[in-house]
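A.B. asks: Below is the file run-v9.pdb, which contains PDB, C-alpha atoms.
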MODEL        1
ATOM      1  CA  MET G   1      58.674 111.933 118.067  1.00  0.00           C
ATOM      2  CA  SER G   2      61.876 113.546 119.407  1.00  0.00           C
ATOM      3  CA  GLN G   3      65.111 112.812 117.631  1.00  0.00           C
ATOM      4  CA  PRO G   4      67.557 110.498 119.435  1.00  0.00           C
ATOM      5  CA  ARG G   5      70.738 111.689 121.073  1.00  0.00           C
ATOM      6  CA  VAL G   6      73.904 110.711 119.212  1.00  0.00           C
ATOM      7  CA  THR G   7      77.414 110.517 120.623  1.00  0.00           C
ATOM      8  CA  LEU G   8      80.209 110.986 118.094  1.00  0.00           C
ATOM      9  CA  ILE G   9      83.693 109.819 119.072  1.00  0.00           C
ATOM     10  CA  GLY G  10      86.297 111.453 116.860  1.00  0.00           C
ATOM     11  CA  ALA G  11      86.331 115.110 115.818  1.00  0.00           C
ATOM     12  CA  GLY G  12      88.021 114.846 112.445  1.00  0.00           C
ATOM     13  CA  ARG G  13      86.469 116.202 109.266  1.00  0.00           C
ATOM     14  CA  MET G  14      83.932 113.406 108.877  1.00  0.00           C
ATOM     15  CA  GLY G  15      83.118 113.337 112.582  1.00  0.00           C
ATOM     16  CA  GLN G  16      82.491 117.069 112.729  1.00  0.00           C
ATOM     17  CA  GLY G  17      80.705 116.991 109.388  1.00  0.00           C
ATOM     18  CA  LEU G  18      78.289 114.334 110.564  1.00  0.00           C
ATOM     19  CA  GLY G  19      77.804 116.176 113.835  1.00  0.00           C
ATOM     20  CA  LEU G  20      76.898 119.410 112.063  1.00  0.00           C
ATOM     21  CA  ALA G  21      74.607 117.603 109.626  1.00  0.00           C
ATOM     22  CA  LEU G  22      72.786 115.828 112.466  1.00  0.00           C
ATOM     23  CA  LYS G  23      72.372 119.016 114.492  1.00  0.00           C
ATOM     24  CA  ARG G  24      70.819 120.623 111.424  1.00  0.00           C
ATOM     25  CA  ARG G  25      68.300 117.768 111.450  1.00  0.00           C
ATOM     26  CA  GLY G  26      67.438 118.444 115.079  1.00  0.00           C
ATOM     27  CA  TYR G  27      69.536 115.724 116.709  1.00  0.00           C
ATOM     28  CA  LYS G  28      71.211 116.233 120.055  1.00  0.00           C
ATOM     29  CA  VAL G  29      74.908 115.643 119.376  1.00  0.00           C
ATOM     30  CA  VAL G  30      77.648 114.982 121.926  1.00  0.00           C
ATOM     31  CA  LEU G  31      81.131 115.187 120.398  1.00  0.00           C
ATOM     32  CA  VAL G  32      84.090 113.449 122.029  1.00  0.00           C
ATOM     33  CA  ASN G  33      87.759 113.546 121.056  1.00  0.00           C
ATOM     34  CA  ARG G  34      90.627 111.829 122.833  1.00  0.00           C
ATOM     35  CA  ALA G  35      92.885 114.883 122.382  1.00  0.00           C
ATOM     36  CA  PRO G  36      91.774 118.530 122.754  1.00  0.00           C
ATOM     37  CA  ARG G  37      91.105 120.267 119.448  1.00  0.00           C
ATOM     38  CA  GLU G  38      89.127 123.129 117.984  1.00  0.00           C
ATOM     39  CA  VAL G  39      85.700 122.284 116.595  1.00  0.00           C
ATOM     40  CA  ILE G  40      83.267 124.202 114.433  1.00  0.00           C
ATOM     41  CA  PRO G  41      80.399 125.917 116.321  1.00  0.00           C
ATOM     42  CA  PRO G  42      77.775 125.021 117.321  1.00  0.00           C
ATOM     43  CA  LEU G  43      79.626 121.782 118.088  1.00  0.00           C
ATOM     44  CA  ILE G  44      81.217 121.601 121.544  1.00  0.00           C
ATOM     45  CA  LEU G  45      83.657 118.969 122.751  1.00  0.00           C
ATOM     46  CA  HIS G  46      82.387 116.963 125.724  1.00  0.00           C
ATOM     47  CA  GLN G  47      84.687 117.424 128.709  1.00  0.00           C
ATOM     48  CA  GLY G  48      83.583 114.479 130.885  1.00  0.00           C
ATOM     49  CA  SER G  49      84.138 110.750 130.755  1.00  0.00           C
ATOM     50  CA  LEU G  50      83.096 108.445 127.941  1.00  0.00           C
ATOM     51  CA  ALA G  51      80.444 106.932 130.189  1.00  0.00           C
ATOM     52  CA  GLU G  52      78.939 110.383 130.742  1.00  0.00           C
ATOM     53  CA  ALA G  53      79.102 111.155 127.019  1.00  0.00           C
ATOM     54  CA  THR G  54      77.208 108.014 126.027  1.00  0.00           C
ATOM     55  CA  ALA G  55      74.838 107.823 129.012  1.00  0.00           C
ATOM     56  CA  SER G  56      71.600 108.699 127.225  1.00  0.00           C
ATOM     57  CA  ALA G  57      72.653 108.154 123.616  1.00  0.00           C
ATOM     58  CA  GLU G  58      70.699 105.709 121.522  1.00  0.00           C
ATOM     59  CA  LEU G  59      73.426 105.709 118.892  1.00  0.00           C
ATOM     60  CA  VAL G  60      77.215 105.930 119.266  1.00  0.00           C
ATOM     61  CA  LEU G  61      79.293 106.650 116.157  1.00  0.00           C
ATOM     62  CA  ILE G  62      83.048 106.005 116.165  1.00  0.00           C
ATOM     63  CA  ALA G  63      84.600 108.406 113.653  1.00  0.00           C
ATOM     64  CA  THR G  64      88.269 107.724 114.393  1.00  0.00           C
ATOM     65  CA  PRO G  65      90.939 106.395 112.007  1.00  0.00           C
ATOM     66  CA  ASP G  66      90.570 102.662 111.345  1.00  0.00           C
ATOM     67  CA  ASP G  67      93.482 101.608 113.541  1.00  0.00           C
ATOM     68  CA  ALA G  68      91.940 103.303 116.586  1.00  0.00           C
ATOM     69  CA  ILE G  69      88.434 101.807 116.338  1.00  0.00           C
ATOM     70  CA  THR G  70      89.068  98.644 118.353  1.00  0.00           C
ATOM     71  CA  ASP G  71      90.978 100.636 120.987  1.00  0.00           C
ATOM     72  CA  VAL G  72      87.985 102.954 121.373  1.00  0.00           C
ATOM     73  CA  ALA G  73      85.646  99.959 121.593  1.00  0.00           C
ATOM     74  CA  GLN G  74      87.859  98.490 124.310  1.00  0.00           C
ATOM     75  CA  GLN G  75      87.834 101.780 126.212  1.00  0.00           C
ATOM     76  CA  LEU G  76      84.041 101.938 125.972  1.00  0.00           C
ATOM     77  CA  ALA G  77      83.812  98.394 127.308  1.00  0.00           C
ATOM     78  CA  THR G  78      86.298  99.022 130.124  1.00  0.00           C
ATOM     79  CA  GLU G  79      84.438 102.131 131.277  1.00  0.00           C
ATOM     80  CA  ARG G  80      81.080 100.335 130.984  1.00  0.00           C
ATOM     81  CA  ALA G  81      79.965 103.149 128.714  1.00  0.00           C
ATOM     82  CA  ILE G  82      77.741 101.000 126.467  1.00  0.00           C
ATOM     83  CA  SER G  83      74.565  99.114 127.359  1.00  0.00           C
ATOM     84  CA  ARG G  84      72.468  96.536 125.522  1.00  0.00           C
ATOM     85  CA  ASP G  85      69.911  99.223 124.588  1.00  0.00           C
ATOM     86  CA  GLN G  86      72.410 101.106 122.431  1.00  0.00           C
ATOM     87  CA  VAL G  87      73.787 100.714 118.914  1.00  0.00           C
ATOM     88  CA  VAL G  88      77.435 101.391 118.068  1.00  0.00           C
ATOM     89  CA  LEU G  89      78.525 102.040 114.471  1.00  0.00           C
ATOM     90  CA  HIS G  90      82.031 102.800 113.219  1.00  0.00           C
ATOM     91  CA  LEU G  91      82.682 104.691 109.977  1.00  0.00           C
ATOM     92  CA  SER G  92      85.347 102.480 108.408  1.00  0.00           C
ATOM     93  CA  GLY G  93      84.808 101.428 104.821  1.00  0.00           C
ATOM     94  CA  LEU G  94      87.190  98.492 105.207  1.00  0.00           C
ATOM     95  CA  LEU G  95      86.502  97.051 108.667  1.00  0.00           C
ATOM     96  CA  ASP G  96      83.328  95.215 109.656  1.00  0.00           C
ATOM     97  CA  ARG G  97      81.553  94.773 112.991  1.00  0.00           C
ATOM     98  CA  THR G  98      84.354  92.559 114.335  1.00  0.00           C
ATOM     99  CA  ALA G  99      86.339  95.773 114.925  1.00  0.00           C
ATOM    100  CA  LEU G 100      83.862  96.310 117.793  1.00  0.00           C
ATOM    101  CA  LEU G 101      84.448  92.864 119.291  1.00  0.00           C
ATOM    102  CA  PRO G 102      85.304  94.255 122.772  1.00  0.00           C
ATOM    103  CA  LEU G 103      81.651  95.394 122.974  1.00  0.00           C
ATOM    104  CA  GLU G 104      80.180  91.959 122.217  1.00  0.00           C
ATOM    105  CA  GLU G 105      79.409  91.163 125.855  1.00  0.00           C
ATOM    106  CA  THR G 106      77.448  94.407 126.295  1.00  0.00           C
ATOM    107  CA  GLY G 107      74.662  93.120 124.054  1.00  0.00           C
ATOM    108  CA  ALA G 108      74.671  96.370 122.081  1.00  0.00           C
ATOM    109  CA  GLY G 109      73.967  96.386 118.354  1.00  0.00           C
ATOM    110  CA  CYS G 110      77.242  96.654 116.420  1.00  0.00           C
ATOM    111  CA  GLY G 111      78.000  97.510 112.816  1.00  0.00           C
ATOM    112  CA  SER G 112      79.474 100.008 110.389  1.00  0.00           C
ATOM    113  CA  PHE G 113      78.242 103.084 108.533  1.00  0.00           C
ATOM    114  CA  HIS G 114      80.554 104.228 105.714  1.00  0.00           C
ATOM    115  CA  PRO G 115      79.530 107.355 103.758  1.00  0.00           C
ATOM    116  CA  VAL G 116      80.597 106.977 100.117  1.00  0.00           C
ATOM    117  CA  GLN G 117      81.421 110.658  99.905  1.00  0.00           C
ATOM    118  CA  SER G 118      84.420 112.911 100.394  1.00  0.00           C
ATOM    119  CA  VAL G 119      84.070 115.532 103.130  1.00  0.00           C
ATOM    120  CA  ALA G 120      86.967 117.999 103.061  1.00  0.00           C
ATOM    121  CA  GLU G 121      85.056 120.841 104.756  1.00  0.00           C
ATOM    122  CA  PRO G 122      82.813 119.797 107.692  1.00  0.00           C
ATOM    123  CA  GLY G 123      80.514 122.764 107.172  1.00  0.00           C
ATOM    124  CA  THR G 124      79.476 121.449 103.748  1.00  0.00           C
ATOM    125  CA  ALA G 125      78.812 117.884 104.914  1.00  0.00           C
ATOM    126  CA  ALA G 126      75.016 118.141 105.105  1.00  0.00           C
ATOM    127  CA  GLU G 127      74.755 119.044 101.416  1.00  0.00           C
ATOM    128  CA  ARG G 128      77.583 116.731 100.353  1.00  0.00           C
ATOM    129  CA  LEU G 129      76.010 113.725 102.060  1.00  0.00           C
ATOM    130  CA  LYS G 130      72.533 114.373 100.678  1.00  0.00           C
ATOM    131  CA  GLY G 131      71.924 111.890  97.850  1.00  0.00           C
ATOM    132  CA  ALA G 132      75.187 110.027  98.465  1.00  0.00           C
ATOM    133  CA  TYR G 133      75.306 106.298  99.115  1.00  0.00           C
ATOM    134  CA  VAL G 134      76.382 104.811 102.424  1.00  0.00           C
ATOM    135  CA  GLY G 135      77.672 101.268 102.889  1.00  0.00           C
ATOM    136  CA  ILE G 136      76.126  99.673 105.984  1.00  0.00           C
ATOM    137  CA  GLU G 137      76.946  96.370 107.667  1.00  0.00           C
ATOM    138  CA  GLY G 138      76.330  94.741 111.016  1.00  0.00           C
ATOM    139  CA  ASP G 139      73.791  92.823 113.032  1.00  0.00           C
ATOM    140  CA  GLU G 140      70.091  93.429 112.418  1.00  0.00           C
ATOM    141  CA  ARG G 141      69.725  96.118 115.089  1.00  0.00           C
ATOM    142  CA  ALA G 142      72.738  97.936 113.694  1.00  0.00           C
ATOM    143  CA  LEU G 143      71.384  97.759 110.150  1.00  0.00           C
ATOM    144  CA  VAL G 144      68.028  99.190 111.214  1.00  0.00           C
ATOM    145  CA  ALA G 145      69.753 102.040 113.081  1.00  0.00           C
ATOM    146  CA  ALA G 146      72.103 102.678 110.135  1.00  0.00           C
ATOM    147  CA  GLU G 147      69.182 102.839 107.697  1.00  0.00           C
ATOM    148  CA  ARG G 148      67.364 105.285 109.971  1.00  0.00           C
ATOM    149  CA  LEU G 149      70.496 107.444 110.185  1.00  0.00           C
ATOM    150  CA  ALA G 150      70.899 107.330 106.403  1.00  0.00           C
ATOM    151  CA  ASN G 151      67.303 108.417 105.901  1.00  0.00           C
ATOM    152  CA  THR G 152      67.808 111.294 108.330  1.00  0.00           C
ATOM    153  CA  LEU G 153      70.841 112.489 106.360  1.00  0.00           C
ATOM    154  CA  ARG G 154      68.989 111.979 103.042  1.00  0.00           C
ATOM    155  CA  MET G 155      71.505 109.307 102.059  1.00  0.00           C
ATOM    156  CA  ILE G 156      70.944 106.016 100.222  1.00  0.00           C
ATOM    157  CA  PRO G 157      71.873 102.954 102.345  1.00  0.00           C
ATOM    158  CA  VAL G 158      73.368  99.866 100.710  1.00  0.00           C
ATOM    159  CA  ARG G 159      73.902  96.683 102.725  1.00  0.00           C
ATOM    160  CA  ILE G 160      77.431  95.298 102.227  1.00  0.00           C
ATOM    161  CA  PRO G 161      78.322  91.764 103.400  1.00  0.00           C
ATOM    162  CA  ALA G 162      81.176  91.818 105.912  1.00  0.00           C
ATOM    163  CA  GLU G 163      83.431  89.673 103.738  1.00  0.00           C
ATOM    164  CA  ALA G 164      82.902  91.984 100.739  1.00  0.00           C
ATOM    165  CA  LYS G 165      83.961  95.217 102.435  1.00  0.00           C
ATOM    166  CA  PRO G 166      87.603  95.171 101.181  1.00  0.00           C
ATOM    167  CA  ALA G 167      86.492  95.014  97.522  1.00  0.00           C
ATOM    168  CA  TYR G 168      83.765  97.601  98.109  1.00  0.00           C
ATOM    169  CA  HIS G 169      86.221  99.953  99.822  1.00  0.00           C
ATOM    170  CA  ALA G 170      88.832  99.493  97.103  1.00  0.00           C
ATOM    171  CA  GLY G 171      86.249 100.764  94.614  1.00  0.00           C
ATOM    172  CA  ALA G 172      85.749 103.888  96.727  1.00  0.00           C
ATOM    173  CA  ALA G 173      89.518 104.444  96.840  1.00  0.00           C
ATOM    174  CA  PHE G 174      89.748 104.194  93.036  1.00  0.00           C
ATOM    175  CA  VAL G 175      87.089 106.864  92.563  1.00  0.00           C
ATOM    176  CA  ALA G 176      88.101 109.292  95.319  1.00  0.00           C
ATOM    177  CA  ASN G 177      91.853 108.995  95.880  1.00  0.00           C
ATOM    178  CA  TYR G 178      92.949 107.923  92.424  1.00  0.00           C
ATOM    179  CA  THR G 179      90.894 110.631  90.707  1.00  0.00           C
ATOM    180  CA  VAL G 180      92.444 113.314  92.902  1.00  0.00           C
ATOM    181  CA  ALA G 181      95.927 111.935  92.213  1.00  0.00           C
ATOM    182  CA  LEU G 182      95.305 111.853  88.444  1.00  0.00           C
ATOM    183  CA  VAL G 183      94.100 115.460  88.423  1.00  0.00           C
ATOM    184  CA  GLY G 184      97.248 116.391  90.342  1.00  0.00           C
ATOM    185  CA  VAL G 185      99.364 114.730  87.636  1.00  0.00           C
ATOM    186  CA  ALA G 186      97.353 116.507  84.920  1.00  0.00           C
ATOM    187  CA  GLU G 187      97.945 119.876  86.616  1.00  0.00           C
ATOM    188  CA  ARG G 188     101.679 119.217  86.713  1.00  0.00           C
ATOM    189  CA  LEU G 189     101.692 118.250  83.009  1.00  0.00           C
ATOM    190  CA  ALA G 190      99.853 121.479  82.137  1.00  0.00           C
ATOM    191  CA  ARG G 191     102.465 123.495  84.011  1.00  0.00           C
ATOM    192  CA  SER G 192     105.247 121.631  82.187  1.00  0.00           C
ATOM    193  CA  ALA G 193     103.523 122.641  78.932  1.00  0.00           C
ATOM    194  CA  GLY G 194     103.869 126.304  79.894  1.00  0.00           C
ATOM    195  CA  VAL G 195     100.402 126.932  81.317  1.00  0.00           C
ATOM    196  CA  ALA G 196     100.422 129.476  84.140  1.00  0.00           C
ATOM    197  CA  PRO G 197     100.177 127.742  87.544  1.00  0.00           C
ATOM    198  CA  ASP G 198      96.897 129.438  88.535  1.00  0.00           C
ATOM    199  CA  VAL G 199      95.305 128.387  85.237  1.00  0.00           C
ATOM    200  CA  ALA G 200      96.826 124.897  85.350  1.00  0.00           C
ATOM    201  CA  ALA G 201      95.185 124.342  88.731  1.00  0.00           C
ATOM    202  CA  ARG G 202      91.737 124.882  87.162  1.00  0.00           C
ATOM    203  CA  LEU G 203      92.293 123.864  83.561  1.00  0.00           C
ATOM    204  CA  TYR G 204      90.925 120.339  83.713  1.00  0.00           C
ATOM    205  CA  LEU G 205      88.220 120.751  86.366  1.00  0.00           C
ATOM    206  CA  PRO G 206      85.392 121.534  83.871  1.00  0.00           C
ATOM    207  CA  LEU G 207      86.529 118.483  81.897  1.00  0.00           C
ATOM    208  CA  LEU G 208      86.308 116.389  85.049  1.00  0.00           C
ATOM    209  CA  GLY G 209      82.823 117.782  85.694  1.00  0.00           C
ATOM    210  CA  GLY G 210      81.786 116.817  82.172  1.00  0.00           C
ATOM    211  CA  ALA G 211      83.139 113.312  82.625  1.00  0.00           C
ATOM    212  CA  VAL G 212      81.201 112.950  85.877  1.00  0.00           C
ATOM    213  CA  ALA G 213      78.021 114.194  84.179  1.00  0.00           C
ATOM    214  CA  ASN G 214      78.506 111.638  81.393  1.00  0.00           C
ATOM    215  CA  LEU G 215      79.077 108.886  83.934  1.00  0.00           C
ATOM    216  CA  THR G 216      75.914 109.866  85.779  1.00  0.00           C
ATOM    217  CA  SER G 217      73.739 109.679  82.674  1.00  0.00           C
ATOM    218  CA  LEU G 218      75.497 107.075  80.528  1.00  0.00           C
ATOM    219  CA  GLY G 219      77.640 104.771  82.687  1.00  0.00           C
ATOM    220  CA  PRO G 220      81.368 104.037  82.275  1.00  0.00           C
ATOM    221  CA  ALA G 221      81.376 102.292  78.878  1.00  0.00           C
ATOM    222  CA  ALA G 222      79.386 104.947  77.007  1.00  0.00           C
ATOM    223  CA  ALA G 223      80.994 107.856  78.911  1.00  0.00           C
ATOM    224  CA  LEU G 224      84.509 107.052  77.631  1.00  0.00           C
ATOM    225  CA  THR G 225      85.629 109.663  75.092  1.00  0.00           C
ATOM    226  CA  GLY G 226      88.781 110.830  73.343  1.00  0.00           C
ATOM    227  CA  ALA G 227      91.628 109.020  71.668  1.00  0.00           C
ATOM    228  CA  VAL G 228      91.191 105.772  73.582  1.00  0.00           C
ATOM    229  CA  ARG G 229      87.512 105.543  72.592  1.00  0.00           C
ATOM    230  CA  ARG G 230      88.325 106.341  68.958  1.00  0.00           C
ATOM    231  CA  GLY G 231      91.239 103.928  68.807  1.00  0.00           C
ATOM    232  CA  ASP G 232      93.538 106.791  67.718  1.00  0.00           C
ATOM    233  CA  ILE G 233      96.823 104.977  68.215  1.00  0.00           C
ATOM    234  CA  GLN G 234      99.053 107.793  66.911  1.00  0.00           C
ATOM    235  CA  THR G 235      97.602 110.258  69.439  1.00  0.00           C
ATOM    236  CA  ILE G 236      98.102 107.817  72.277  1.00  0.00           C
ATOM    237  CA  GLN G 237     101.695 107.207  71.119  1.00  0.00           C
ATOM    238  CA  SER G 238     102.297 110.978  71.188  1.00  0.00           C
ATOM    239  CA  HIS G 239     100.968 111.103  74.740  1.00  0.00           C
ATOM    240  CA  LEU G 240     103.366 108.367  75.799  1.00  0.00           C
ATOM    241  CA  GLU G 241     106.310 110.171  74.206  1.00  0.00           C
ATOM    242  CA  ALA G 242     105.425 113.385  76.072  1.00  0.00           C
ATOM    243  CA  LEU G 243     105.339 111.639  79.459  1.00  0.00           C
ATOM    244  CA  SER G 244     108.273 110.864  81.699  1.00  0.00           C
ATOM    245  CA  PRO G 245     108.909 107.170  82.470  1.00  0.00           C
ATOM    246  CA  GLU G 246     107.530 107.795  85.962  1.00  0.00           C
ATOM    247  CA  ASP G 247     104.252 109.181  84.589  1.00  0.00           C
TER
ENDMDL
END
Show me, as structure tokens, the structure contained in the file I just sent.

C.D. replies:
Amino acid sequence: MSQPRVTLIGAGRMGQGLGLALKRRGYKVVLVNRAPREVIPPLILHQGSLAEATASAELVLIATPDDAITDVAQQLATERAISRDQVVLHLSGLLDRTALLPLEETGAGCGSFHPVQSVAEPGTAAERLKGAYVGIEGDERALVAAERLANTLRMIPVRIPAEAKPAYHAGAAFVANYTVALVGVAERLARSAGVAPDVAARLYLPLLGGAVANLTSLGPAAALTGAVRRGDIQTIQSHLEALSPED
């Protein structure tokens, strides 16, 4: 059976990453962006209208920032670019299918597909997404399409109730954004301790890798190590004295 055609709206890192990953799996990918921009070959930006871009697509993915999703849905509806035979999924971890409300009268399947993975380089997306979880939500047609897409990308789909998406997405922010911020603070502390900047930038990365490995095999409670786990109050007090009030 031939792979379906997918239209991706939004050529940011995740949009391009998904496009490249899908092309590697044999999908026909049409990439659309509201403003001209460079994209990674073999991706090519579609130059026609939205209606032309989505004409024969079974699946339309909206990979824009959250605050643009409903505007894109409205544009799709205004241009009659979506039919009842299609499924539209946005990639927001926070928003649910109601972000696609302008498309309700089209009869299309509507939902969300949120990869629980960080994609900083689109060219690495296929490998990064493999084995990662993806939060899916929507009507039944959307869920079926999202699960098929997840299987194609070798991802693990997890159905998230619409009302639970804020809590689910907050968890993702803790792991991705907060971890990056904490490593940035650790790098700065190493530099303040006299470690050369190039070494400070890498000093704690093997430690982070070890912590992730422990989490993978043991879970959070058993993976905790160091002074906090031991209850070494004097060490923790020394840490606090070495930190600025801001830290």

A.B. asks: Please identify all polymer residues within 10 Å of Glu127 of chain G, counting all atoms listed in the file, omitting same-chain residues fewer than 3 positions from it, and present them as a VMD selection string.

C.D. replies: chain G and resid 21 123 to 124 130 to 132 153 to 154

A.B. asks: Pick out the closest residue to Val87 of chain G from this set: G:Asn177, G:Ser217, G:Thr106, G:Asn151. Count only C-alpha atoms.

C.D. replies: G:Thr106

A.B. asks: What is the atom CA of Cys110 of chain G to atom CA of Asp66 of chain G distance in Å?

C.D. replies: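 These atoms are spaced 15.5 Å apart.
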
A.B. asks: Could you tell me, as an MDAnalysis selection string, exactly which residues end up selected when the PyMOL selection byres ((chain G and resi 168-171) around 12) is applied to this structure?

C.D. replies: chainID G and resid 91:96 114:117 134:137 158:167 172:179

A.B. asks: Rounded to one decimal, what separation in Å do you get between atom CA of Ala193 of chain G and atom CA of Asn214 of chain G?

C.D. replies: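 Going from atom CA of Ala193 of chain G over to atom CA of Asn214 of chain G, I get 27.4 Å.
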
A.B. asks: Just segment 57-133 of chain G, please, as a compact mmCIF listing (two decimals), in the first residue's frame (only C-alpha atoms).

C.D. replies:
# COMPACT_ATOMS: atom_id res chain seq x y z
CA ALA G 57 -3.26 15.09 1.51
CA GLU G 58 -4.80 12.55 3.83
CA LEU G 59 -3.11 14.18 6.80
CA VAL G 60 -2.40 17.85 7.53
CA LEU G 61 0.01 18.69 10.36
CA ILE G 62 0.13 22.22 11.80
CA ALA G 63 3.65 22.75 13.15
CA THR G 64 3.39 26.46 13.98
CA PRO G 65 3.79 28.13 17.39
CA ASP G 66 0.77 27.61 19.64
CA ASP G 67 -0.61 31.12 19.24
CA ALA G 68 -0.79 30.72 15.45
CA ILE G 69 -2.63 27.38 15.32
CA THR G 70 -6.18 28.72 15.41
CA ASP G 71 -5.29 31.41 12.85
CA VAL G 72 -3.98 28.71 10.50
CA ALA G 73 -7.13 26.64 11.08
CA GLN G 74 -9.23 29.69 10.23
CA GLN G 75 -7.23 30.29 7.07
CA LEU G 76 -7.67 26.66 6.04
CA ALA G 77 -11.41 26.96 6.61
CA THR G 78 -11.68 30.27 4.74
CA GLU G 79 -9.83 28.89 1.72
CA ARG G 80 -11.88 25.67 1.82
CA ALA G 81 -8.60 23.79 1.98
CA ILE G 82 -9.86 20.95 4.19
CA SER G 83 -12.49 18.31 3.42
CA ARG G 84 -14.30 15.74 5.55
CA ASP G 85 -11.99 12.98 4.24
CA GLN G 86 -8.92 14.53 5.84
CA VAL G 87 -7.42 14.59 9.33
CA VAL G 88 -5.78 17.70 10.79
CA LEU G 89 -3.39 17.44 13.75
CA HIS G 90 -1.52 20.27 15.47
CA LEU G 91 1.72 19.71 17.40
CA SER G 92 0.98 21.69 20.56
CA GLY G 93 1.59 19.93 23.85
CA LEU G 94 -0.72 22.34 25.69
CA LEU G 95 -3.66 22.93 23.35
CA ASP G 96 -6.29 20.33 22.47
CA ARG G 97 -8.51 19.85 19.42
CA THR G 98 -10.54 22.97 20.24
CA ALA G 99 -7.64 25.00 18.79
CA LEU G 100 -8.92 23.68 15.43
CA LEU G 101 -12.50 24.80 16.06
CA PRO G 102 -12.70 26.81 12.79
CA LEU G 103 -12.46 23.45 10.97
CA GLU G 104 -15.39 21.85 12.82
CA GLU G 105 -17.87 22.42 9.99
CA THR G 106 -15.60 20.70 7.46
CA GLY G 107 -16.21 17.32 9.08
CA ALA G 108 -12.48 16.59 9.12
CA GLY G 109 -10.91 14.62 11.95
CA CYS G 110 -9.21 17.00 14.39
CA GLY G 111 -6.69 16.43 17.16
CA SER G 112 -3.14 16.92 18.37
CA PHE G 113 0.16 15.07 18.02
CA HIS G 114 2.85 16.23 20.47
CA PRO G 115 6.28 14.54 20.24
CA VAL G 116 7.79 14.26 23.73
CA GLN G 117 11.25 14.91 22.36
CA SER G 118 13.54 17.86 21.77
CA VAL G 119 14.53 18.46 18.14
CA ALA G 120 17.25 21.11 17.87
CA GLU G 121 18.61 19.88 14.52
CA PRO G 122 15.96 18.83 11.95
CA GLY G 123 18.37 16.46 10.23
CA THR G 124 18.58 14.30 13.37
CA ALA G 125 14.82 14.13 13.95
CA ALA G 126 14.26 10.65 12.52
CA GLU G 127 16.67 9.09 15.03
CA ARG G 128 15.65 11.39 17.88
CA LEU G 129 11.97 10.56 17.47
CA LYS G 130 12.52 6.81 17.24
CA GLY G 131 11.52 5.28 20.58
CA ALA G 132 10.21 8.58 21.97
CA TYR G 133 6.68 8.96 23.29
